[in-house]
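Note sheet for the following structure.
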Amino acid sequence: MADLTLDEVIERWCVLYKGPLLVQRYRAGEALGIAERQTVSEIAETWRARLADISWFMRSLNEYIARKANQEDSCRGHFWEARFKSQALLDEQALLS
């Protein structure tokens with residue numbers, strides 16, 4: 001990820017996320033001031049780190065799965081929340097059922 005240019009990092013991030021208005025203006029080719037360009041660079045460096053972070057990837061993947069599953073099941077909340085319940089099996093009949 002370290003060898004990607006600023007524009008490549010922004011492009012890859014924006015495939016997944018919309019990005020803030022300032023970055024959208026940068027991508028549209030609008031003239032930005034020095035401070036605005038510096039802010040875009042700082043944002044892109046944060047994104048560069050996230051694009052290479054497996055934890056961030058798993059978090060994003062879990063969010064996507066949860067949204068799809070919640071939509072299919074007409075429910076809300078975290079993916080595993082309330083989908084499975086633990087129940088003590090006290091005898092063989094309970095185990096068989």
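All residue names refer to the structure tokens as shown: chains lettered A, B, ... in order, residues numbered from 1 in each chain, ligands numbered from 1 in order.
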Report task. Write out as a ChimeraX atom specification the residues lying within 10 Å of Arg48 of chain A, counting only C-alpha atoms and excluding same-chain residues fewer than 5 positions away. Result -> /A:1-2,4-6,8-10,12-13,42-43,53
Generate a file of the selected residues that holds N, CA and C atoms, formatted as a short mmCIF file (atom, residue, chain, number, x, y, z; two decimals), in the first residue's frame.
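selection.cif, written as the output of this step:
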data_model
loop_
_atom_site.label_atom_id
_atom_site.label_comp_id
_atom_site.auth_asym_id
_atom_site.auth_seq_id
_atom_site.Cartn_x
_atom_site.Cartn_y
_atom_site.Cartn_z
N MET A 1 0.81 -1.20 0.00
CA MET A 1 0.00 0.00 0.00
C MET A 1 0.86 1.27 0.00
N ALA A 2 2.07 1.15 0.48
CA ALA A 2 2.93 2.33 0.61
C ALA A 2 3.31 2.91 -0.75
N LEU A 4 1.32 3.15 -3.40
CA LEU A 4 0.18 3.75 -4.11
C LEU A 4 0.26 5.27 -4.04
N THR A 5 -0.13 5.91 -5.12
CA THR A 5 -0.18 7.37 -5.12
C THR A 5 -1.40 7.84 -4.33
N LEU A 6 -1.43 9.13 -4.06
CA LEU A 6 -2.56 9.73 -3.35
C LEU A 6 -3.86 9.44 -4.11
N GLU A 8 -4.54 7.04 -6.23
CA GLU A 8 -4.88 5.61 -6.21
C GLU A 8 -5.52 5.21 -4.88
N VAL A 9 -4.99 5.75 -3.78
CA VAL A 9 -5.58 5.47 -2.47
C VAL A 9 -7.01 5.99 -2.41
N ILE A 10 -7.19 7.22 -2.85
CA ILE A 10 -8.53 7.83 -2.84
C ILE A 10 -9.48 7.04 -3.73
N ARG A 12 -9.36 3.84 -4.61
CA ARG A 12 -9.70 2.55 -4.00
C ARG A 12 -10.67 2.72 -2.84
N TRP A 13 -10.46 3.75 -2.02
CA TRP A 13 -11.36 3.99 -0.89
C TRP A 13 -12.75 4.34 -1.38
N GLU A 42 -3.94 14.19 4.34
CA GLU A 42 -4.05 13.57 5.67
C GLU A 42 -5.16 12.52 5.68
N ILE A 43 -6.29 12.84 5.07
CA ILE A 43 -7.40 11.88 4.97
C ILE A 43 -6.95 10.64 4.21
N ASP A 53 -5.19 -2.72 6.68
CA ASP A 53 -5.45 -3.24 8.02
C ASP A 53 -6.52 -4.32 7.98
#
**Report entry** Near-Leu21 of chain A list (12 Å; only C-alpha atoms; drop same-chain fewer than 3 positions) as a ChimeraX atom specification
**Finding:** /A:14,17-18,24-28,30,36,39-40,43
Query - Coordinates-based distance that separates atom CA of Ala35 of chain A from atom CA of Ala49 of chain A (Å, one decimal) - result: 21.5 Å
Query - Backbone DSSP call of helix (DSSP H, G or I) for segment 2-69 of chain A, listed as number ranges by chain - result: A: 6-16, 21-27, 34-51, 54-69
Residues of the last selection are to be written out with C-alpha atoms, as a JSON list (two decimals), in the first residue's frame.
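selection_23.json was written with the following content:
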[["chain", "number", "residue", "atom", "x", "y", "z"],
["A", 6, "LEU", "CA", -2.56, 9.73, -3.35],
["A", 7, "ASP", "CA", -5.05, 9.43, -6.22],
["A", 8, "GLU", "CA", -4.88, 5.61, -6.21],
["A", 9, "VAL", "CA", -5.58, 5.47, -2.47],
["A", 10, "ILE", "CA", -8.53, 7.83, -2.84],
["A", 11, "GLU", "CA", -9.87, 5.89, -5.83],
["A", 12, "ARG", "CA", -9.70, 2.55, -4.00],
["A", 13, "TRP", "CA", -11.36, 3.99, -0.89],
["A", 14, "CYS", "CA", -14.12, 5.64, -2.91],
["A", 15, "VAL", "CA", -15.01, 2.31, -4.52],
["A", 16, "LEU", "CA", -16.26, 1.29, -1.07],
["A", 21, "LEU", "CA", -17.18, 16.54, 0.39],
["A", 22, "LEU", "CA", -13.62, 17.90, 0.30],
["A", 23, "VAL", "CA", -12.34, 14.66, -1.24],
["A", 24, "GLN", "CA", -15.24, 14.64, -3.69],
["A", 25, "ARG", "CA", -14.24, 18.15, -4.75],
["A", 26, "TYR", "CA", -10.62, 17.01, -5.16],
["A", 27, "ARG", "CA", -11.71, 14.07, -7.33],
["A", 34, "ILE", "CA", -3.03, 24.65, 0.21],
["A", 35, "ALA", "CA", -4.76, 23.84, 3.51],
["A", 36, "GLU", "CA", -7.49, 21.90, 1.70],
["A", 37, "ARG", "CA", -4.94, 19.85, -0.27],
["A", 38, "GLN", "CA", -3.08, 19.13, 2.98],
["A", 39, "THR", "CA", -6.33, 17.94, 4.56],
["A", 40, "VAL", "CA", -7.01, 15.67, 1.57],
["A", 41, "SER", "CA", -3.51, 14.22, 1.95],
["A", 42, "GLU", "CA", -4.05, 13.57, 5.67],
["A", 43, "ILE", "CA", -7.40, 11.88, 4.97],
["A", 44, "ALA", "CA", -5.79, 9.73, 2.27],
["A", 45, "GLU", "CA", -3.00, 8.66, 4.66],
["A", 46, "THR", "CA", -5.63, 7.51, 7.16],
["A", 47, "TRP", "CA", -7.34, 5.59, 4.37],
["A", 48, "ARG", "CA", -4.01, 4.10, 3.24],
["A", 49, "ALA", "CA", -3.51, 2.63, 6.72],
["A", 50, "ARG", "CA", -7.08, 1.30, 6.82],
["A", 51, "LEU", "CA", -6.82, -0.31, 3.39],
["A", 54, "ILE", "CA", -7.10, -6.66, 8.31],
["A", 55, "SER", "CA", -9.05, -5.56, 11.40],
["A", 56, "TRP", "CA", -10.60, -2.68, 9.47],
["A", 57, "PHE", "CA", -11.45, -5.06, 6.63],
["A", 58, "MET", "CA", -13.16, -7.51, 8.99],
["A", 59, "ARG", "CA", -15.11, -4.69, 10.62],
["A", 60, "SER", "CA", -16.33, -3.48, 7.22],
["A", 61, "LEU", "CA", -17.17, -7.00, 6.10],
["A", 62, "ASN", "CA", -19.13, -7.68, 9.30],
["A", 63, "GLU", "CA", -21.10, -4.46, 8.81],
["A", 64, "TYR", "CA", -21.99, -5.42, 5.24],
["A", 65, "ILE", "CA", -23.06, -8.94, 6.28],
["A", 66, "ALA", "CA", -25.10, -7.57, 9.19],
["A", 67, "ARG", "CA", -26.92, -5.09, 6.97],
["A", 68, "LYS", "CA", -27.79, -7.76, 4.41],
["A", 69, "ALA", "CA", -28.86, -10.32, 7.04]]
Query raised in the report: Expressed in Å to a single decimal, how great is the separation between atom CA of Gly77 of chain A and atom CA of Ser97 of chain A?
Result: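 Computing the Euclidean distance for atom CA of Gly77 of chain A and atom CA of Ser97 of chain A yields 29.0 Å.
Interatomic distance, atom CA of Asp3 of chain A to atom CA of Gly33 of chain A: 25.3 Å.
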